[in-house]
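Printed here is target25.txt (compact mmCIF, C-alpha atoms and all ligand atoms):
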# COMPACT_ATOMS: atom_id res chain seq x y z
CA MET A 162 148.73 51.77 -52.01
CA LYS A 163 147.31 51.56 -48.46
CA ILE A 164 144.57 54.02 -47.50
CA LEU A 165 143.12 54.44 -44.03
CA VAL A 166 139.55 55.77 -43.89
CA ALA A 167 138.84 57.54 -40.60
CA ASN A 168 135.23 58.18 -39.65
CA LEU A 169 135.20 60.91 -37.02
CA GLY A 170 132.19 61.54 -34.79
CA SER A 171 132.00 64.02 -31.94
CA THR A 172 132.91 61.21 -29.50
CA SER A 173 133.92 58.34 -31.77
CA LEU A 174 136.54 57.26 -34.29
CA LYS A 175 135.97 54.30 -36.57
CA TYR A 176 138.54 53.19 -39.13
CA ARG A 177 139.09 50.81 -42.01
CA LEU A 178 142.38 50.17 -43.78
CA PHE A 179 142.25 49.26 -47.48
CA ASP A 180 145.00 47.90 -49.71
CA PHE A 181 144.84 48.79 -53.40
CA SER A 182 147.77 46.69 -54.60
CA GLY A 183 145.56 43.91 -56.04
CA GLU A 184 142.87 44.01 -58.71
CA ASN A 185 140.19 44.92 -56.16
CA PRO A 186 140.59 46.93 -52.95
CA GLU A 187 141.11 44.63 -49.98
CA LEU A 188 139.94 45.46 -46.46
CA LEU A 189 142.97 44.75 -44.23
CA ARG A 190 141.68 45.85 -40.86
CA ARG A 191 138.82 47.67 -39.18
CA GLY A 192 138.26 49.00 -35.69
CA GLY A 193 136.93 51.86 -33.67
CA TYR A 194 136.63 53.72 -30.42
CA GLU A 195 133.62 55.13 -28.60
CA ARG A 196 133.52 57.85 -25.95
CA VAL A 197 136.59 59.53 -27.34
CA THR A 198 137.80 62.59 -25.43
CA ASP A 199 141.31 62.80 -26.88
CA TYR A 200 141.74 62.20 -30.62
CA SER A 201 145.51 62.24 -30.29
CA ALA A 202 145.57 59.21 -27.99
CA VAL A 203 143.14 57.15 -30.06
CA ILE A 204 144.94 57.95 -33.32
CA ASP A 205 148.18 56.67 -31.73
CA ASP A 206 146.29 53.61 -30.58
CA CYS A 207 144.77 53.06 -34.04
CA LEU A 208 148.19 53.21 -35.75
CA LYS A 209 149.64 50.88 -33.12
CA ASP A 210 146.79 48.43 -33.73
CA LEU A 211 147.45 48.50 -37.50
CA ARG A 212 151.19 47.87 -36.95
CA GLU A 213 150.67 45.11 -34.39
CA ALA A 214 148.11 43.40 -36.63
CA GLY A 215 150.69 43.39 -39.42
CA ALA A 216 148.45 45.55 -41.62
CA LEU A 217 151.12 48.29 -41.68
CA ARG A 218 154.87 47.70 -41.50
CA SER A 219 155.40 51.23 -40.17
CA ASP A 220 153.57 54.54 -40.24
CA SER A 221 155.30 55.35 -43.52
CA ASP A 222 153.66 52.25 -45.05
CA LEU A 223 150.44 54.27 -45.00
CA ASP A 224 149.92 56.16 -48.28
CA ALA A 225 146.98 58.33 -47.27
CA VAL A 226 144.29 58.96 -44.69
CA ALA A 227 140.86 59.70 -46.17
CA PHE A 228 137.82 61.26 -44.54
CA LYS A 229 134.09 61.22 -45.33
CA THR A 230 133.72 64.94 -44.74
CA ILE A 231 130.32 66.59 -44.82
CA MET A 232 130.40 70.06 -46.36
CA ALA A 233 132.59 73.13 -46.82
CA LYS A 234 132.12 76.63 -48.18
CA GLY A 235 132.99 76.55 -51.88
CA VAL A 236 134.55 73.05 -51.79
CA SER A 237 133.04 69.69 -52.78
CA GLY A 238 134.21 66.56 -54.56
CA CYS A 239 137.32 64.61 -53.58
CA VAL A 240 140.27 66.86 -52.66
CA ARG A 241 143.65 66.89 -50.94
CA ILE A 242 143.20 68.54 -47.54
CA ASP A 243 145.17 71.69 -46.82
CA GLU A 244 144.59 74.77 -44.69
CA THR A 245 142.28 76.27 -47.34
CA VAL A 246 140.01 73.21 -47.22
CA LEU A 247 140.04 73.16 -43.41
CA GLY A 248 139.19 76.88 -43.38
CA ALA A 249 136.29 76.24 -45.78
CA MET A 250 134.99 73.50 -43.44
CA GLU A 251 135.30 75.82 -40.45
CA ALA A 252 133.43 78.53 -42.33
CA TRP A 253 130.40 76.23 -42.42
CA SER A 254 130.78 74.67 -38.98
CA ARG A 255 127.55 76.26 -37.80
CA ILE A 256 125.58 74.62 -40.65
CA ALA A 257 126.92 71.21 -39.61
CA PRO A 258 127.66 71.66 -35.90
CA ALA A 259 127.62 67.93 -35.12
CA HIS A 260 129.95 67.06 -38.00
CA ASN A 261 132.39 69.75 -39.14
CA PRO A 262 134.04 70.62 -35.79
CA PRO A 263 135.06 67.02 -34.95
CA TYR A 264 136.33 66.48 -38.49
CA VAL A 265 138.41 69.65 -38.46
CA GLU A 266 139.82 68.81 -35.05
CA GLY A 267 140.59 65.19 -35.93
CA ILE A 268 142.14 66.06 -39.30
CA ARG A 269 144.43 68.62 -37.65
CA VAL A 270 145.63 65.95 -35.21
CA PHE A 271 146.32 63.53 -38.09
CA SER A 272 148.26 66.22 -39.98
CA ARG A 273 150.38 67.04 -36.92
CA LYS A 274 151.15 63.37 -36.32
CA MET A 275 151.91 62.47 -39.92
CA PRO A 276 152.82 65.67 -41.78
CA LYS A 277 154.14 63.80 -44.83
CA THR A 278 151.08 61.58 -45.35
CA PRO A 279 148.49 62.92 -47.82
CA LEU A 280 145.11 63.60 -46.24
CA VAL A 281 142.09 63.41 -48.54
CA ALA A 282 138.47 64.53 -48.12
CA LEU A 283 135.47 63.17 -49.99
CA PHE A 284 132.60 65.56 -49.31
CA GLU A 285 129.13 64.07 -48.83
CA THR A 286 127.73 66.75 -51.13
CA ALA A 287 129.76 65.44 -54.09
CA PHE A 288 127.26 62.78 -55.12
CA TYR A 289 124.61 65.43 -55.81
CA GLN A 290 126.49 67.42 -58.42
CA TRP A 291 124.10 66.35 -61.19
CA VAL A 292 120.84 67.05 -59.33
CA PRO A 293 118.69 69.29 -61.56
CA GLU A 294 118.66 72.90 -60.40
CA ALA A 295 114.87 72.88 -59.98
CA GLU A 296 115.24 70.14 -57.34
CA ALA A 297 118.05 71.93 -55.52
CA ARG A 298 116.86 75.54 -55.26
CA TYR A 299 114.83 77.10 -52.45
CA ALA A 300 112.66 80.12 -53.25
CA VAL A 301 114.85 82.65 -51.46
CA PRO A 302 116.71 85.79 -52.62
CA ASP A 303 119.75 85.28 -54.76
CA ASP A 304 122.20 86.52 -52.14
CA TRP A 305 120.84 83.86 -49.72
CA TYR A 306 121.39 81.25 -52.42
CA ARG A 307 124.95 82.49 -52.80
CA LEU A 308 125.40 82.01 -49.04
CA GLY A 309 124.70 78.32 -49.58
CA VAL A 310 120.94 78.24 -48.91
CA ARG A 311 119.90 75.41 -51.22
CA ARG A 312 119.43 71.67 -51.08
CA TRP A 313 122.87 70.08 -50.98
CA GLY A 314 122.15 66.47 -50.05
CA PHE A 315 124.29 64.30 -47.77
CA HIS A 316 124.99 60.57 -47.15
CA GLY A 317 126.52 60.78 -50.64
CA ALA A 318 129.07 57.99 -50.15
CA SER A 319 126.42 55.63 -48.81
CA HIS A 320 123.86 56.32 -51.55
CA LYS A 321 126.62 56.00 -54.16
CA PHE A 322 127.54 52.56 -52.82
CA ILE A 323 123.85 51.60 -52.94
CA ALA A 324 123.58 52.94 -56.52
CA GLU A 325 126.40 50.64 -57.63
CA ARG A 326 125.44 47.56 -55.67
CA SER A 327 121.72 47.77 -56.47
CA ALA A 328 122.56 48.07 -60.19
CA GLU A 329 124.66 44.89 -59.91
CA LEU A 330 121.88 43.04 -58.08
CA LEU A 331 119.36 44.21 -60.69
CA GLY A 332 121.50 42.77 -63.49
CA ARG A 333 122.83 46.10 -64.77
CA PRO A 334 126.64 45.95 -64.60
CA ASP A 335 126.74 48.76 -67.18
CA VAL A 336 125.04 51.16 -64.75
CA ALA A 337 127.17 49.91 -61.84
CA GLU A 338 130.36 50.54 -63.78
CA ARG A 339 129.28 54.00 -64.85
CA THR A 340 128.32 54.89 -61.28
CA ARG A 341 131.69 53.70 -59.97
CA THR A 342 133.50 56.41 -61.93
CA LEU A 343 130.86 59.09 -61.45
CA TYR A 344 132.79 61.54 -59.32
CA SER A 345 135.74 61.75 -61.65
CA GLY A 346 134.24 62.35 -65.05
CA ASP A 347 132.01 64.70 -66.98
CA LYS A 348 128.26 64.74 -66.74
CA PRO A 349 127.13 61.14 -67.30
CA GLY A 350 125.44 60.52 -70.62
CA PRO A 351 122.56 58.13 -71.43
CA VAL A 352 122.87 54.37 -70.90
CA ASP A 353 122.28 51.77 -73.56
CA GLY A 354 119.55 49.74 -71.84
CA PRO A 355 116.29 50.88 -70.28
CA THR A 356 116.43 53.52 -67.55
CA LEU A 357 117.25 51.98 -64.15
CA ARG A 358 115.16 53.57 -61.37
CA VAL A 359 116.13 53.02 -57.73
CA ILE A 360 115.21 54.65 -54.43
CA SER A 361 117.77 54.30 -51.65
CA CYS A 362 116.63 54.66 -48.02
CA HIS A 363 119.60 55.18 -45.65
CA LEU A 364 117.91 54.88 -42.26
CA GLY A 365 120.16 55.13 -39.21
CA GLY A 366 121.22 57.58 -36.53
CA SER A 367 120.69 60.05 -39.30
CA SER A 368 118.49 59.17 -42.24
CA SER A 369 117.89 60.21 -45.82
CA VAL A 370 116.19 59.03 -49.01
CA THR A 371 117.72 59.47 -52.48
CA GLY A 372 116.32 58.91 -55.96
CA LEU A 373 118.73 57.32 -58.46
CA ARG A 374 118.28 57.38 -62.23
CA ASN A 375 120.83 55.12 -63.90
CA GLY A 376 122.90 55.41 -60.72
CA VAL A 377 122.92 59.21 -60.75
CA ALA A 378 121.26 61.04 -57.82
CA ILE A 379 118.22 63.08 -58.84
CA GLY A 380 117.76 64.48 -55.34
CA ASN A 381 118.05 63.73 -51.62
CA SER A 382 115.76 64.42 -48.67
CA PHE A 383 118.44 66.47 -46.89
CA GLY A 384 118.43 70.20 -47.56
CA THR A 385 121.01 72.85 -46.69
CA SER A 386 122.19 71.09 -43.56
CA PRO A 387 122.39 67.54 -42.15
CA GLN A 388 119.72 68.58 -39.64
CA SER A 389 117.02 68.64 -42.34
CA GLY A 390 114.86 66.15 -44.27
CA LEU A 391 113.61 63.13 -42.32
CA PRO A 392 113.36 63.32 -38.52
CA GLN A 393 116.84 62.33 -37.29
CA ASN A 394 117.66 60.67 -33.96
CA ASN A 395 117.89 63.99 -32.12
CA ARG A 396 117.85 66.54 -34.97
CA SER A 397 114.63 68.06 -36.16
CA GLY A 398 114.48 67.29 -39.87
CA ASP A 399 112.40 69.59 -42.07
CA LEU A 400 110.67 72.49 -40.37
CA ASP A 401 108.80 75.55 -41.64
CA PRO A 402 111.17 78.52 -41.19
CA PHE A 403 108.31 80.66 -39.89
CA ALA A 404 107.62 78.13 -37.14
CA LEU A 405 111.18 78.71 -36.03
CA LEU A 406 110.84 82.47 -35.99
CA HIS A 407 107.57 82.13 -34.06
CA VAL A 408 109.13 79.93 -31.37
CA MET A 409 112.22 82.11 -31.07
CA ARG A 410 110.05 85.18 -30.47
CA GLU A 411 107.55 83.49 -28.13
CA LYS A 412 110.17 81.75 -25.99
CA LYS A 413 112.74 84.54 -26.40
CA LEU A 414 115.32 81.98 -27.51
CA SER A 415 118.81 82.99 -28.58
CA VAL A 416 120.26 81.66 -31.84
CA GLU A 417 122.60 79.40 -29.82
CA GLU A 418 119.78 77.97 -27.69
CA THR A 419 117.61 77.42 -30.77
CA GLU A 420 120.49 75.64 -32.50
CA ARG A 421 120.99 73.43 -29.45
CA VAL A 422 117.32 72.41 -29.33
CA LEU A 423 117.13 71.78 -33.09
CA SER A 424 120.30 69.73 -33.20
CA THR A 425 120.26 67.84 -29.90
CA GLU A 426 116.73 67.91 -28.43
CA SER A 427 114.54 67.34 -31.48
CA GLY A 428 113.88 64.50 -33.94
CA LEU A 429 112.84 61.09 -32.63
CA LYS A 430 114.09 62.11 -29.19
CA ALA A 431 111.59 64.98 -28.99
CA LEU A 432 108.66 63.07 -30.49
CA SER A 433 109.13 60.02 -28.27
CA GLY A 434 109.72 62.08 -25.14
CA GLY A 435 113.35 61.14 -24.54
CA ASP A 436 114.54 58.10 -26.51
CA ASN A 437 116.52 58.51 -29.71
CA ASP A 438 117.40 54.88 -30.42
CA LEU A 439 114.68 53.23 -32.48
CA ARG A 440 115.09 49.95 -30.55
CA ASP A 441 114.09 51.68 -27.30
CA ILE A 442 111.28 53.59 -29.00
CA LYS A 443 109.88 50.36 -30.49
CA THR A 444 110.00 48.59 -27.13
CA ARG A 445 107.96 51.40 -25.60
CA ALA A 446 105.57 51.60 -28.56
CA ASP A 447 104.85 47.86 -28.19
CA THR A 448 103.63 48.47 -24.65
CA GLY A 449 101.17 51.12 -25.91
CA ASP A 450 103.27 54.20 -25.17
CA ALA A 451 101.62 56.95 -27.26
CA PRO A 452 104.60 59.33 -27.78
CA ALA A 453 106.77 56.40 -28.88
CA GLN A 454 104.07 55.34 -31.36
CA THR A 455 103.86 58.92 -32.66
CA ALA A 456 107.64 59.03 -33.20
CA ILE A 457 107.43 55.88 -35.33
CA ASP A 458 104.34 57.11 -37.20
CA VAL A 459 106.05 60.40 -38.11
CA LEU A 460 109.24 58.65 -39.23
CA VAL A 461 107.26 56.24 -41.43
CA ALA A 462 105.14 59.06 -42.89
CA GLN A 463 108.19 61.10 -43.81
CA ILE A 464 110.03 58.17 -45.37
CA ARG A 465 106.93 57.39 -47.48
CA HIS A 466 106.63 61.05 -48.43
CA TRP A 467 110.12 61.03 -49.92
CA ILE A 468 109.73 57.62 -51.56
CA GLY A 469 106.61 59.03 -53.22
CA ALA A 470 108.41 62.14 -54.44
CA PHE A 471 111.20 60.15 -56.09
CA TYR A 472 108.83 57.48 -57.42
CA LEU A 473 107.05 60.23 -59.34
CA ASN A 474 110.21 61.90 -60.63
CA LEU A 475 111.62 58.55 -61.71
CA ASN A 476 108.36 57.71 -63.51
CA GLY A 477 108.23 54.31 -61.78
CA LEU A 478 110.61 52.09 -59.88
CA ASP A 479 112.81 49.02 -60.33
CA GLY A 480 114.50 48.84 -56.92
CA LEU A 481 113.76 50.04 -53.39
CA VAL A 482 116.74 49.68 -51.05
CA PHE A 483 116.95 49.74 -47.26
CA THR A 484 120.32 50.31 -45.62
CA ALA A 485 122.06 51.45 -42.37
CA GLY A 486 121.27 50.49 -38.76
CA ILE A 487 117.52 51.05 -38.89
CA GLY A 488 116.97 50.07 -42.52
CA GLU A 489 118.89 46.79 -42.31
CA ASN A 490 117.71 45.53 -38.92
CA ASN A 491 114.01 46.29 -38.57
CA PRO A 492 111.62 44.14 -40.64
CA TRP A 493 108.62 45.67 -38.85
CA LEU A 494 109.60 49.17 -40.04
CA ARG A 495 110.08 47.99 -43.64
CA ARG A 496 106.62 46.40 -43.37
CA ARG A 497 105.12 49.68 -42.16
CA ILE A 498 106.81 51.64 -44.97
CA CYS A 499 105.71 49.23 -47.71
CA THR A 500 102.13 48.66 -46.56
CA GLY A 501 99.44 49.47 -49.11
CA LEU A 502 101.79 50.13 -52.03
CA ASP A 503 100.88 47.06 -54.08
CA GLU A 504 99.29 49.21 -56.81
CA LEU A 505 102.76 50.76 -57.23
CA GLY A 506 104.37 47.34 -57.52
CA ILE A 507 105.93 47.48 -54.05
CA VAL A 508 105.13 44.24 -52.23
CA LEU A 509 107.24 42.58 -49.52
CA ASP A 510 107.67 38.84 -49.16
CA PRO A 511 106.72 38.56 -45.46
CA SER A 512 109.00 35.64 -44.62
CA ALA A 513 112.02 36.96 -46.54
CA ASN A 514 111.53 40.33 -44.89
CA GLU A 515 111.41 38.82 -41.39
CA ALA A 516 114.35 36.50 -42.07
CA ASN A 517 116.61 39.12 -43.59
CA LEU A 518 118.56 40.80 -40.84
CA ALA A 519 121.56 42.96 -41.72
CA ALA A 520 122.48 40.74 -44.66
CA GLU A 521 122.26 41.51 -48.33
CA GLY A 522 119.19 40.12 -50.03
CA VAL A 523 115.98 40.63 -51.95
CA VAL A 524 112.87 40.73 -49.75
CA SER A 525 110.13 41.54 -52.28
CA ALA A 526 107.45 39.04 -53.27
CA PRO A 527 108.34 36.95 -56.34
CA GLU A 528 107.19 38.28 -59.72
CA THR A 529 106.49 41.78 -58.44
CA PRO A 530 107.77 44.81 -60.41
CA VAL A 531 109.88 46.45 -57.70
CA SER A 532 112.82 44.55 -56.16
CA ILE A 533 112.93 45.48 -52.50
CA MET A 534 116.49 44.95 -51.28
CA ILE A 535 118.50 45.04 -48.08
CA ILE A 536 122.05 46.18 -48.87
CA PRO A 537 124.49 46.82 -46.01
CA THR A 538 126.20 50.02 -47.03
CA ASN A 539 129.97 50.47 -47.36
CA GLU A 540 130.71 54.18 -47.28
CA GLU A 541 134.35 53.65 -46.34
CA LEU A 542 135.01 51.68 -49.52
CA VAL A 543 133.62 54.54 -51.62
CA VAL A 544 135.81 57.05 -49.77
CA ALA A 545 138.93 54.89 -50.09
CA ARG A 546 138.35 54.31 -53.81
CA GLU A 547 137.91 58.02 -54.52
CA ALA A 548 141.04 58.89 -52.50
CA HIS A 549 142.95 56.22 -54.42
CA ARG A 550 141.70 57.59 -57.74
CA LEU A 551 142.74 61.13 -56.76
CA LEU A 552 146.21 60.11 -55.63
CA ALA A 553 146.82 57.71 -58.51
CA ASN A 554 145.80 60.35 -61.10
CA PRO A 555 147.00 63.70 -59.79
CA ALA A 556 145.74 66.58 -61.92
P1 LIG B 601 124.83 55.89 -37.32
O1 LIG B 601 123.93 56.66 -38.24
O2 LIG B 601 125.16 56.63 -36.07
O3 LIG B 601 126.02 55.26 -38.00
P2 LIG B 601 123.42 53.37 -37.37
O4 LIG B 601 123.39 53.32 -38.86
O5 LIG B 601 124.04 52.23 -36.66
O6 LIG B 601 123.97 54.72 -36.78
O7 LIG B 601 121.89 53.50 -36.90
C1 LIG B 601 121.52 53.61 -35.57
C2 LIG B 601 120.03 53.19 -35.48
O8 LIG B 601 119.93 51.87 -35.99
C3 LIG B 601 119.46 53.18 -34.08
O9 LIG B 601 118.26 53.93 -34.03
C4 LIG B 601 119.16 51.72 -33.80
O10 LIG B 601 117.88 51.57 -33.24
C5 LIG B 601 119.15 51.06 -35.14
N1 LIG B 601 119.82 49.75 -35.03
C6 LIG B 601 121.15 49.50 -35.08
N2 LIG B 601 121.38 48.17 -34.92
C7 LIG B 601 120.18 47.58 -34.74
C8 LIG B 601 119.74 46.24 -34.53
N3 LIG B 601 120.60 45.22 -34.45
N4 LIG B 601 118.41 46.02 -34.40
C9 LIG B 601 117.53 47.03 -34.48
N5 LIG B 601 117.88 48.32 -34.68
C10 LIG B 601 119.17 48.60 -34.82
Starting from the coordinates I provided, produce the structure as structure tokens.
Amino acid sequence: MKILVANLGSTSLKYRLFDFSGENPELLRRGGYERVTDYSAVIDDCLKDLREAGALRSDSDLDAVAFKTIMAKGVSGCVRIDETVLGAMEAWSRIAPAHNPPYVEGIRVFSRKMPKTPLVALFETAFYQWVPEAEARYAVPDDWYRLGVRRWGFHGASHKFIAERSAELLGRPDVAERTRTLYSGDKPGPVDGPTLRVISCHLGGSSSVTGLRNGVAIGNSFGTSPQSGLPQNNRSGDLDPFALLHVMREKKLSVEETERVLSTESGLKALSGGDNDLRDIKTRADTGDAPAQTAIDVLVAQIRHWIGAFYLNLNGLDGLVFTAGIGENNPWLRRRICTGLDELGIVLDPSANEANLAAEGVVSAPETPVSIMIIPTNEELVVAREAHRLLANPA
């Protein structure tokens, strides 16, 4: 079975083609496009690339296209996409304005081009199905809760990959195996060995921290929307709701204008005074630029805040993982995050930390209690595997 995973951004399409005919899924081809204005043209181009590379014999050689979708009203998990699912995504487009509209548009183009090919969605919220209610609820009226006002959690595919891989690296294949089948089964029971406690920091264009007990998420820094939690590149992260009401009244902002500022003019971009790429912010901070330094200070403080919250709920820690563009590539940021945590067992090995760029490895000091790891994430593999499981075992 060949499954194409399509990662749709508002102006990008990245893809990976997996083959499930062997014992383990094999990555046959990957590629992508930036500055996309016409999904139809790039989808044609993508399929042509897969045929010309010999990865597909024809379009009918493709068994499914799978998508790492964000959220939908009343739908989570891994599902076949139909009009009901698309309608549920559209119903929550305003909660995820940067994510749901491009996915809905791109999926519709795929379904027009290949009406016979199954399309599958793995929602990012799916990984948080076992989060305890006390960690997921906000203190709002019940009818708000029923409108979806609660902590959902996102980056589920990435944190799930980290849960599996970190368990393997920590010598716990039992936990890795259990995590691999987590979406499909009933509530996971206890494990035989000691409890495995991991905190996963996905730090990139958007960032989140997740606590993992025996590979199962106990919470995530994101809340109701992907604009919440840590400061994102240009999205605000957490904000007191009364601050919002205050600003809307004082500046006489419309809902649309407020949404635009929160989702495109906030986050690191607002704090630094214009830059949203951490590389540019760091370059400015190194020359003494105060707003750039503040942006970094706030990001570090918020990451530490969430590590602290999960450390407590996990009652200690075995593994601390850094992943995604920022987490994998910036030893100086990892150093800032881990400074002064030796009493908690979190101690970097300075040379391993500096040497380890975007490659898997352990960067903690020898003989310290917490293994600090760099693990390049592989969200597409998680999506492809879940789509394969769904299609191979139809209900
Ligand atoms: P996205 O969330 O859009 O997939 P990434 O995970 O690639 O994005 O994260 C983008 C962030 O990662 C940017 O802020 C950028 O500064 C940082 N980043 C990416 N690559 C590097 C690198 N080679 N060195 C330093 N920082 C990097």
Which residue, A:Ala462, A:Val543, A:Val416, A:Leu494, has the smallest gap to Arg440 (chain A) when you use only C-alpha atoms?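 Between A:Ala462, A:Val543, A:Val416, A:Leu494, the residue approaching Arg440 (chain A) most closely is A:Leu494.
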Do you know which residues are within 6 Å of ligand LIG 601 (chain B) using only C-alpha atoms and all ligand atoms? Can you write them as a PyMOL selection string? chain A and resi 365-367+438-440+485-487+490-491
Arg196 (chain A) surroundings by only C-alpha atoms, 9 Å radius, close-in-sequence under 5 positions cut, as a count of residues only: 4
So the first atom is CA of Ala519 (chain A) and the second is CA of Ala287 (chain A); what is the distance between them in Å, to one decimal place? 26.9 Å
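Compared by their closest atoms to Glu417 (chain A), and using only C-alpha atoms, the residues A:Pro555, A:Pro258, A:Gly469, A:Gly501 rank with A:Pro258 nearest.
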d(CA of Leu364 (chain A), CA of Ala249 (chain A)) in Å: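 Here the two named atoms are 28.4 Å from each other.
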Please list as a ChimeraX atom specification every residue within 8 Å of Ser361 (chain A), counting only C-alpha atoms and excluding residues in the same chain fewer than 4 positions away. /A:320,323-324,370-373,481-484
Just want the 10 Å neighbourhood of His316 (chain A), counted on only C-alpha atoms, with same-chain residues fewer than 2 positions away dropped. Output as a PyMOL selection string. chain A and resi 229+231+284-289+314+318-321+363+367-371+381+383+387+540
List as a tab-separated table (two decimals) with C-alpha atoms, in the coordinates of the input the protein and nucleic acid residues near Asn375 (chain A), meaning an atom at most 6 Å away when all atoms listed in the file are counted, but skip any in the same chain fewer than 4 places from it.
chain	number	residue	atom	x	y	z
A	336	VAL	CA	125.04	51.16	-64.75
A	356	THR	CA	116.43	53.52	-67.55
A	357	LEU	CA	117.25	51.98	-64.15
Here is a test: counting all atoms listed in the file, which residue of A:Glu420, A:Asp399, A:Glu489, A:Asp510 is nearest to Thr385 (chain A)?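 Using all atoms listed in the file, the shortest distance to Thr385 (chain A) belongs to A:Asp399.
Minimum distance to Asp353 (chain A) across A:Arg191, A:Arg326, A:Arg333, A:Arg341 (counting only C-alpha atoms) occurs at A:Arg333.
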Find the residues near Leu509 (chain A): any atom within 6 Å, counting only C-alpha atoms, skip ones fewer than 3 places away on the same chain, and give them as a PyMOL selection string. chain A and resi 524-526
Counting all atoms listed in the file, select every polymer residue within 12 Å of (121.9, 56.6, -70.7) as defined in the file's coordinates, and provide the selection as a PDB file with C-alpha atoms, in the frame of the given file.
ATOM      1  CA  ASP A 335     126.740  48.760 -67.180  1.00  0.00           C
ATOM      2  CA  VAL A 336     125.040  51.160 -64.750  1.00  0.00           C
ATOM      3  CA  ARG A 339     129.280  54.000 -64.850  1.00  0.00           C
ATOM      4  CA  THR A 340     128.320  54.890 -61.280  1.00  0.00           C
ATOM      5  CA  LYS A 348     128.260  64.740 -66.740  1.00  0.00           C
ATOM      6  CA  PRO A 349     127.130  61.140 -67.300  1.00  0.00           C
ATOM      7  CA  GLY A 350     125.440  60.520 -70.620  1.00  0.00           C
ATOM      8  CA  PRO A 351     122.560  58.130 -71.430  1.00  0.00           C
ATOM      9  CA  VAL A 352     122.870  54.370 -70.900  1.00  0.00           C
ATOM     10  CA  ASP A 353     122.280  51.770 -73.560  1.00  0.00           C
ATOM     11  CA  GLY A 354     119.550  49.740 -71.840  1.00  0.00           C
ATOM     12  CA  PRO A 355     116.290  50.880 -70.280  1.00  0.00           C
ATOM     13  CA  THR A 356     116.430  53.520 -67.550  1.00  0.00           C
ATOM     14  CA  LEU A 357     117.250  51.980 -64.150  1.00  0.00           C
ATOM     15  CA  ARG A 358     115.160  53.570 -61.370  1.00  0.00           C
ATOM     16  CA  ARG A 374     118.280  57.380 -62.230  1.00  0.00           C
ATOM     17  CA  ASN A 375     120.830  55.120 -63.900  1.00  0.00           C
ATOM     18  CA  GLY A 376     122.900  55.410 -60.720  1.00  0.00           C
ATOM     19  CA  VAL A 377     122.920  59.210 -60.750  1.00  0.00           C
TER      20      VAL A 377
END
Counting only C-alpha atoms, figure out which residue out of A:Gly309, A:Gly480, A:Gly235, A:Pro492 gets nearest to Pro530 (chain A).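 Of the candidates, the smallest distance to Pro530 (chain A) is held by A:Gly480.
Across the model, the gap from CA of Ile507 (chain A) to CA of Phe471 (chain A) is 13.9 Å.
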Could I see region 442-450 of chain A restored to N, CA, C and O atoms, set down as a compact mmCIF listing (two decimals), in the coordinates of the input?
# COMPACT_ATOMS: atom_id res chain seq x y z
N ILE A 442 112.58 53.00 -28.66
CA ILE A 442 111.28 53.59 -29.00
C ILE A 442 110.29 52.47 -29.35
O ILE A 442 109.14 52.48 -28.91
N LYS A 443 110.76 51.47 -30.10
CA LYS A 443 109.88 50.36 -30.49
C LYS A 443 109.44 49.57 -29.26
O LYS A 443 108.27 49.19 -29.14
N THR A 444 110.37 49.33 -28.35
CA THR A 444 110.00 48.59 -27.13
C THR A 444 108.89 49.31 -26.39
O THR A 444 107.91 48.70 -25.95
N ARG A 445 109.01 50.63 -26.29
CA ARG A 445 107.96 51.40 -25.60
C ARG A 445 106.66 51.40 -26.41
O ARG A 445 105.57 51.28 -25.85
N ALA A 446 106.77 51.56 -27.73
CA ALA A 446 105.57 51.60 -28.56
C ALA A 446 104.79 50.29 -28.42
O ALA A 446 103.55 50.29 -28.38
N ASP A 447 105.51 49.17 -28.30
CA ASP A 447 104.85 47.86 -28.19
C ASP A 447 104.07 47.71 -26.89
O ASP A 447 103.20 46.85 -26.78
N THR A 448 104.40 48.53 -25.90
CA THR A 448 103.63 48.47 -24.65
C THR A 448 102.50 49.51 -24.66
O THR A 448 101.88 49.75 -23.63
N GLY A 449 102.28 50.16 -25.80
CA GLY A 449 101.17 51.12 -25.91
C GLY A 449 101.55 52.55 -25.61
O GLY A 449 100.66 53.41 -25.51
N ASP A 450 102.83 52.84 -25.49
CA ASP A 450 103.27 54.20 -25.17
C ASP A 450 102.98 55.13 -26.36
O ASP A 450 103.53 54.96 -27.44
